[in-house]
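What follows is target.cif (mmCIF, C-alpha atoms).
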data_data
loop_
_atom_site.label_atom_id
_atom_site.label_comp_id
_atom_site.auth_asym_id
_atom_site.auth_seq_id
_atom_site.Cartn_x
_atom_site.Cartn_y
_atom_site.Cartn_z
CA ASN A 7 23.08 -1.19 -14.29
CA ALA A 8 20.00 -3.36 -13.81
CA GLY A 9 18.88 -1.51 -10.66
CA VAL A 10 16.03 -3.40 -8.99
CA THR A 11 14.96 -6.62 -10.71
CA GLN A 12 11.74 -8.43 -9.89
CA THR A 13 10.67 -11.89 -11.01
CA PRO A 14 8.24 -12.97 -12.26
CA LYS A 15 6.59 -10.07 -14.10
CA PHE A 16 3.19 -11.76 -14.28
CA GLN A 17 1.63 -14.59 -12.29
CA VAL A 18 -1.79 -16.20 -11.98
CA LEU A 19 -2.47 -18.25 -8.86
CA LYS A 20 -5.41 -20.24 -7.67
CA THR A 21 -6.80 -19.51 -4.24
CA GLY A 22 -4.79 -21.37 -1.62
CA GLN A 23 -1.63 -21.75 -3.71
CA SER A 24 1.67 -20.40 -2.49
CA MET A 25 4.40 -18.52 -4.29
CA THR A 26 7.48 -16.42 -3.73
CA LEU A 27 8.19 -13.11 -5.44
CA GLN A 28 11.87 -12.48 -5.94
CA CYS A 29 13.67 -9.14 -5.81
CA ALA A 30 17.34 -8.32 -6.29
CA GLN A 31 19.19 -5.00 -6.41
CA ASP A 32 22.69 -4.31 -7.62
CA MET A 33 23.11 -0.80 -6.17
CA ASN A 34 24.62 -1.91 -2.85
CA HIS A 35 21.62 -0.48 -0.98
CA ASN A 36 21.07 -1.30 2.67
CA SER A 37 17.28 -1.01 2.77
CA MET A 38 14.69 -2.89 0.77
CA TYR A 39 10.89 -2.75 0.66
CA TRP A 40 7.84 -4.51 -0.65
CA TYR A 41 4.79 -2.44 -1.63
CA ARG A 42 1.49 -3.37 -3.18
CA GLN A 43 -0.33 -1.05 -5.58
CA ASP A 44 -4.11 -1.08 -5.90
CA PRO A 45 -6.30 1.37 -7.82
CA GLY A 46 -7.05 4.47 -5.77
CA MET A 47 -4.97 3.20 -2.85
CA GLY A 48 -1.54 4.28 -3.98
CA LEU A 49 1.31 2.11 -2.81
CA ARG A 50 1.06 0.48 0.60
CA LEU A 51 4.06 -0.90 2.44
CA ILE A 52 3.87 -4.62 3.17
CA TYR A 53 7.27 -5.31 4.76
CA TYR A 54 10.64 -3.68 4.78
CA SER A 55 14.20 -4.52 5.67
CA ALA A 56 16.18 -1.57 6.97
CA SER A 57 19.42 -3.51 6.73
CA GLU A 58 20.63 -7.03 6.08
CA GLY A 59 19.43 -9.31 8.85
CA THR A 60 16.39 -7.26 9.87
CA THR A 61 12.79 -7.24 8.66
CA ASP A 62 9.77 -5.34 9.93
CA LYS A 63 6.07 -5.15 9.19
CA GLY A 64 4.64 -2.31 7.21
CA GLU A 65 1.07 -1.12 6.84
CA VAL A 66 -0.47 -4.30 5.33
CA PRO A 67 1.61 -7.37 6.37
CA ASN A 68 -1.18 -9.92 6.90
CA GLY A 69 -0.93 -12.92 4.59
CA TYR A 70 2.70 -12.27 3.67
CA ASN A 71 6.15 -13.25 4.85
CA VAL A 72 9.54 -11.98 3.78
CA SER A 73 13.14 -13.10 3.78
CA ARG A 74 16.19 -10.89 3.46
CA LEU A 75 18.42 -13.50 1.93
CA ASN A 76 21.50 -11.28 1.73
CA LYS A 77 22.23 -7.63 1.05
CA ARG A 78 21.07 -7.93 -2.57
CA GLU A 79 17.96 -10.08 -2.30
CA PHE A 80 14.60 -9.63 -0.55
CA SER A 81 11.78 -12.09 -1.24
CA LEU A 82 8.06 -11.91 -0.53
CA ARG A 83 6.09 -15.08 0.10
CA LEU A 84 2.36 -15.69 -0.08
CA GLU A 85 1.68 -18.89 1.86
CA SER A 86 -1.98 -19.30 0.90
CA ALA A 87 -3.03 -16.85 -1.79
CA ALA A 88 -6.42 -15.13 -1.56
CA PRO A 89 -8.28 -13.08 -4.19
CA SER A 90 -7.74 -9.99 -1.99
CA GLN A 91 -4.03 -10.33 -2.75
CA THR A 92 -4.61 -9.64 -6.44
CA SER A 93 -2.44 -6.59 -6.97
CA VAL A 94 0.72 -5.21 -8.51
CA TYR A 95 3.70 -5.76 -6.22
CA PHE A 96 6.71 -3.49 -6.24
CA CYS A 97 10.07 -4.04 -4.66
CA ALA A 98 12.21 -1.00 -3.89
CA SER A 99 15.57 -0.26 -2.36
CA SER A 100 17.38 2.72 -0.90
CA VAL A 101 20.52 3.69 0.93
CA TRP A 102 19.77 3.64 4.66
CA GLY A 103 18.71 7.12 5.70
CA ASP A 104 18.77 8.43 2.14
CA THR A 105 15.78 10.02 0.56
CA GLU A 106 15.33 8.27 -2.77
CA ALA A 107 13.75 4.85 -3.17
CA PHE A 108 14.38 3.00 -6.43
CA PHE A 109 11.59 0.74 -7.64
CA GLY A 110 11.52 -2.39 -9.75
CA GLN A 111 9.12 -2.79 -12.66
CA GLY A 112 6.56 -4.71 -10.65
CA THR A 113 4.90 -8.12 -10.55
CA ARG A 114 1.26 -8.29 -11.60
CA LEU A 115 -0.36 -11.03 -9.54
CA THR A 116 -3.87 -12.34 -10.09
CA VAL A 117 -5.44 -14.76 -7.63
CA VAL A 118 -8.51 -16.58 -8.97
CA GLN B 14 -6.61 4.91 7.50
CA GLN B 15 -4.94 6.89 4.76
CA GLN B 16 -2.47 9.33 6.24
CA VAL B 17 -1.81 11.06 2.91
CA LYS B 18 -4.82 12.10 0.84
CA GLN B 19 -4.33 13.04 -2.80
CA SER B 20 -6.64 14.81 -5.24
CA PRO B 21 -7.85 14.74 -7.93
CA GLN B 22 -7.81 11.07 -8.91
CA SER B 23 -7.45 12.06 -12.54
CA LEU B 24 -7.13 15.17 -14.65
CA ILE B 25 -6.96 16.08 -18.30
CA VAL B 26 -5.01 19.14 -19.41
CA GLN B 27 -4.23 20.61 -22.79
CA LYS B 28 -0.66 20.78 -24.00
CA GLY B 29 0.93 23.92 -22.59
CA GLY B 30 -1.47 24.09 -19.67
CA ILE B 31 -0.82 23.77 -15.94
CA SER B 32 -1.48 20.55 -14.04
CA ILE B 33 -2.06 20.89 -10.30
CA ILE B 34 -2.19 17.97 -7.88
CA ASN B 35 -2.85 18.41 -4.17
CA CYS B 36 -1.98 16.35 -1.14
CA ALA B 37 -2.81 16.62 2.54
CA TYR B 38 -1.12 14.77 5.36
CA GLU B 39 -2.00 14.14 8.98
CA ASN B 40 1.21 13.23 10.79
CA THR B 41 3.13 16.39 11.70
CA ALA B 42 6.24 14.28 12.32
CA PHE B 43 6.74 13.75 8.57
CA ASP B 44 9.79 15.65 7.36
CA TYR B 45 10.19 14.55 3.78
CA PHE B 46 7.66 14.94 0.97
CA PRO B 47 8.52 13.41 -2.41
CA TRP B 48 6.57 13.12 -5.62
CA TYR B 49 6.91 10.02 -7.75
CA GLN B 50 6.05 9.66 -11.43
CA GLN B 51 4.92 6.35 -12.87
CA PHE B 52 4.49 5.42 -16.54
CA PRO B 53 2.35 2.42 -17.55
CA GLY B 54 4.11 -0.87 -16.95
CA LYS B 55 6.94 0.76 -15.01
CA GLY B 56 7.77 1.27 -11.38
CA PRO B 57 7.48 4.72 -9.79
CA ALA B 58 10.50 7.00 -10.07
CA LEU B 59 11.38 9.99 -7.92
CA LEU B 60 10.43 13.26 -9.62
CA ILE B 61 11.04 15.94 -7.01
CA ALA B 62 11.03 16.22 -3.22
CA ILE B 63 10.81 18.90 -0.54
CA ARG B 64 11.62 19.34 3.13
CA PRO B 65 9.23 21.32 5.39
CA ASP B 66 11.79 24.05 6.03
CA VAL B 67 11.12 25.53 2.58
CA SER B 68 7.81 26.62 1.07
CA GLU B 69 8.61 25.97 -2.58
CA LYS B 70 11.01 23.97 -4.72
CA LYS B 71 11.31 24.15 -8.48
CA GLU B 72 13.02 21.79 -10.89
CA GLY B 73 12.46 22.65 -14.51
CA ARG B 74 8.72 22.65 -15.21
CA PHE B 75 7.89 20.92 -11.92
CA THR B 76 7.25 22.89 -8.71
CA ILE B 77 6.31 21.71 -5.23
CA SER B 78 4.49 24.18 -2.99
CA PHE B 79 4.42 23.35 0.72
CA ASN B 80 2.13 24.77 3.41
CA LYS B 81 3.24 23.46 6.78
CA SER B 82 0.48 25.10 8.83
CA ALA B 83 -2.22 23.63 6.59
CA LYS B 84 -0.40 20.28 6.31
CA GLN B 85 -0.73 20.43 2.55
CA PHE B 86 1.59 20.29 -0.42
CA SER B 87 1.02 20.36 -4.14
CA LEU B 88 2.72 19.61 -7.44
CA HIS B 89 2.45 22.07 -10.32
CA ILE B 90 3.44 20.97 -13.80
CA MET B 91 3.93 24.04 -15.95
CA ASP B 92 3.72 23.97 -19.75
CA SER B 93 2.40 20.40 -19.60
CA GLN B 94 3.58 18.13 -22.41
CA PRO B 95 2.13 14.85 -23.76
CA GLY B 96 5.23 13.11 -22.36
CA ASP B 97 4.09 14.16 -18.88
CA SER B 98 1.09 11.84 -19.18
CA ALA B 99 1.60 9.48 -16.26
CA THR B 100 0.37 8.69 -12.78
CA TYR B 101 1.75 10.90 -10.04
CA PHE B 102 2.01 9.91 -6.39
CA CYS B 103 2.72 12.17 -3.48
CA ALA B 104 4.28 10.62 -0.40
CA ALA B 105 5.48 11.50 3.07
CA GLY B 106 8.16 10.02 5.27
CA TRP B 107 11.04 10.59 7.66
CA ILE B 108 14.58 11.30 6.58
CA LYS B 109 17.17 9.31 8.49
CA ALA B 110 14.56 6.97 9.86
CA ALA B 111 15.42 3.32 9.78
CA GLY B 112 14.17 2.03 6.47
CA ASN B 113 12.99 5.42 5.13
CA LYS B 114 9.42 4.14 4.92
CA LEU B 115 7.10 6.18 2.74
CA THR B 116 3.34 6.66 3.01
CA PHE B 117 1.84 7.26 -0.41
CA GLY B 118 -1.25 9.10 -1.58
CA GLY B 119 -3.75 7.36 -3.83
CA GLY B 120 -2.29 8.69 -7.09
CA THR B 121 -3.42 11.05 -9.85
CA ARG B 122 -3.60 9.96 -13.45
CA VAL B 123 -2.65 12.89 -15.68
CA LEU B 124 -3.45 12.97 -19.38
CA VAL B 125 -1.99 15.77 -21.46
CA LYS B 126 -3.83 16.22 -24.74
CA PRO B 127 -1.82 17.48 -27.72
#

Kindly return the structure encoded in the file as structure tokens.
Amino acid sequence: NAGVTQTPKFQVLKTGQSMTLQCAQDMNHNSMYWYRQDPGMGLRLIYYSASEGTTDKGEVPNGYNVSRLNKREFSLRLESAAPSQTSVYFCASSVWGDTEAFFGQGTRLTVV
Amino acid sequence: QQQVKQSPQSLIVQKGGISIINCAYENTAFDYFPWYQQFPGKGPALLIAIRPDVSEKKEGRFTISFNKSAKQFSLHIMDSQPGDSATYFCAAGWIKAAGNKLTFGGGTRVLVKP
């Protein structure tokens, strides 16, 4: 089982460029999440999708948009990248109402 | 505003020693407190979790202690091994809530010296 797969693993963007981070899970989970990880800040929730067809803002949504393409896929888009968005991004999924979130291996994004 | 505060940011322990990581939360509505373990280059993975109706939970060498009145919980790693060297995150959330959103602490980098 692949679990949660994120692409790409590494990316360098110039300020103002746009890009989409892809996430897919093969565990038939209802809920999916995007977190960012910064030193000393832990993981902060950007957006989540409780179930297919719904998306909601998390703690730090500014500068991001998401799309729940289907039950398996949840993408994160940066429309105009800023240096403050340099971070490691993690996608996660879980069964709705279940306790364990499964994380992908992360995307390390640098905005110069 | 960080709703879950974690300390220390890093710690070094000798093989066989005890690692202790502490977390404090603010929102009394939280009813689920997991700990995640993360190795370099990997995503976090669930290590152990506790509900507030119990004061302690043990799984192998890992123990969570929970103090509801103080709004604090801690992770104890007994007989620490070099393979335990990782970053540990505490978190808090709501079971059965739509989306099961988690609020994470800032993380503790643990280094176990052989």

Residue nearest chain A among B:Pro47, B:Pro127, B:Gly118, B:Pro21 (counting all atoms listed in the file): B:Gly118

Result set of the PyMOL selection byres ((chain A) within 7 of (chain B)) on the coordinates above, as a ChimeraX atom specification: /A:37,46-50,54-56,102-106,108-112

Selection under test: the PyMOL selection byres ((chain A and resi 41) around 10); residues as JSON, numbers by chain: {"A": [39, 40, 42, 43, 44, 48, 49, 50, 51, 52, 53, 54, 64, 65, 66, 67, 93, 94, 95, 96, 97, 98, 109, 112], "B": [115]}

Just to be explicit: take each residue in the selection above, keep C-alpha atoms, and write the result as a PDB file, in the coordinates of the input.
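The resulting file, selection_3.pdb, is shown below:
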ATOM      1  CA  TYR A  39      10.890  -2.750   0.660  1.00  0.00           C
ATOM      2  CA  TRP A  40       7.840  -4.510  -0.650  1.00  0.00           C
ATOM      3  CA  ARG A  42       1.490  -3.370  -3.180  1.00  0.00           C
ATOM      4  CA  GLN A  43      -0.330  -1.050  -5.580  1.00  0.00           C
ATOM      5  CA  ASP A  44      -4.110  -1.080  -5.900  1.00  0.00           C
ATOM      6  CA  GLY A  48      -1.540   4.280  -3.980  1.00  0.00           C
ATOM      7  CA  LEU A  49       1.310   2.110  -2.810  1.00  0.00           C
ATOM      8  CA  ARG A  50       1.060   0.480   0.600  1.00  0.00           C
ATOM      9  CA  LEU A  51       4.060  -0.900   2.440  1.00  0.00           C
ATOM     10  CA  ILE A  52       3.870  -4.620   3.170  1.00  0.00           C
ATOM     11  CA  TYR A  53       7.270  -5.310   4.760  1.00  0.00           C
ATOM     12  CA  TYR A  54      10.640  -3.680   4.780  1.00  0.00           C
ATOM     13  CA  GLY A  64       4.640  -2.310   7.210  1.00  0.00           C
ATOM     14  CA  GLU A  65       1.070  -1.120   6.840  1.00  0.00           C
ATOM     15  CA  VAL A  66      -0.470  -4.300   5.330  1.00  0.00           C
ATOM     16  CA  PRO A  67       1.610  -7.370   6.370  1.00  0.00           C
ATOM     17  CA  SER A  93      -2.440  -6.590  -6.970  1.00  0.00           C
ATOM     18  CA  VAL A  94       0.720  -5.210  -8.510  1.00  0.00           C
ATOM     19  CA  TYR A  95       3.700  -5.760  -6.220  1.00  0.00           C
ATOM     20  CA  PHE A  96       6.710  -3.490  -6.240  1.00  0.00           C
ATOM     21  CA  CYS A  97      10.070  -4.040  -4.660  1.00  0.00           C
ATOM     22  CA  ALA A  98      12.210  -1.000  -3.890  1.00  0.00           C
ATOM     23  CA  PHE A 109      11.590   0.740  -7.640  1.00  0.00           C
ATOM     24  CA  GLY A 112       6.560  -4.710 -10.650  1.00  0.00           C
TER      25      GLY A 112
ATOM     26  CA  LEU B 115       7.100   6.180   2.740  1.00  0.00           C
TER      27      LEU B 115
END

Could you state which residues are captured by the PyMOL selection byres ((chain A and resi 28-31) around 7) in this file, as a CSV table (one decimal) with C-alpha atoms, in the coordinates of the input?
chain,number,residue,atom,x,y,z
A,9,GLY,CA,18.9,-1.5,-10.7
A,10,VAL,CA,16.0,-3.4,-9.0
A,11,THR,CA,15.0,-6.6,-10.7
A,12,GLN,CA,11.7,-8.4,-9.9
A,13,THR,CA,10.7,-11.9,-11.0
A,26,THR,CA,7.5,-16.4,-3.7
A,27,LEU,CA,8.2,-13.1,-5.4
A,32,ASP,CA,22.7,-4.3,-7.6
A,33,MET,CA,23.1,-0.8,-6.2
A,78,ARG,CA,21.1,-7.9,-2.6
A,79,GLU,CA,18.0,-10.1,-2.3
A,80,PHE,CA,14.6,-9.6,-0.6
A,81,SER,CA,11.8,-12.1,-1.2
A,82,LEU,CA,8.1,-11.9,-0.5
A,97,CYS,CA,10.1,-4.0,-4.7

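With all atoms listed in the file taken into account, every residue lying no more than 10 Å from the file point (-6.9, 14.8, -18.9) is included here: Ser23, Leu24, Ile25, Val26, Gln27, Ser32, Ser98, Arg122, Val123, Leu124, Val125 and Lys126 of chain B.
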
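The space separating CA of Val67 in chain B from CA of Gly30 in chain B comes to 25.6 Å.
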
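With CA of His89 in chain B on one side and CA of Cys36 in chain B on the other, the separation reads 11.7 Å.
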
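The spacing separating CA of Asn40 in chain B from CA of Ile63 in chain B amounts to 15.9 Å.
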
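Using all atoms listed in the file, the shortest contact distance between Ser90 in chain A and any of A:Leu115, A:Met38, A:Ala8, A:Leu75 is found at A:Leu115.
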
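Surrounding residues of (19.6, -11.4, 6.2) at most 8 Å away are Ser57, Glu58, Gly59, Thr60, Ser73, Arg74, Leu75, Asn76 and Lys77 of chain A (based on only C-alpha atoms).
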
Taking all atoms of range 116-119 of chain B that the file lists and extending 4 Å past them on each side, where is the centre of the axis-aligned box and how long are its edges? Answer in Å to one decimal, as JSON.
{"center_x": -0.2, "center_y": 7.9, "center_z": -0.4, "size_x": 15.1, "size_y": 10.4, "size_z": 14.8}

Nearest to Gly73 in chain B by atom-to-atom distance, counting all atoms listed in the file, from B:Met91, B:Gln16, B:Asp97, B:Thr41: B:Met91
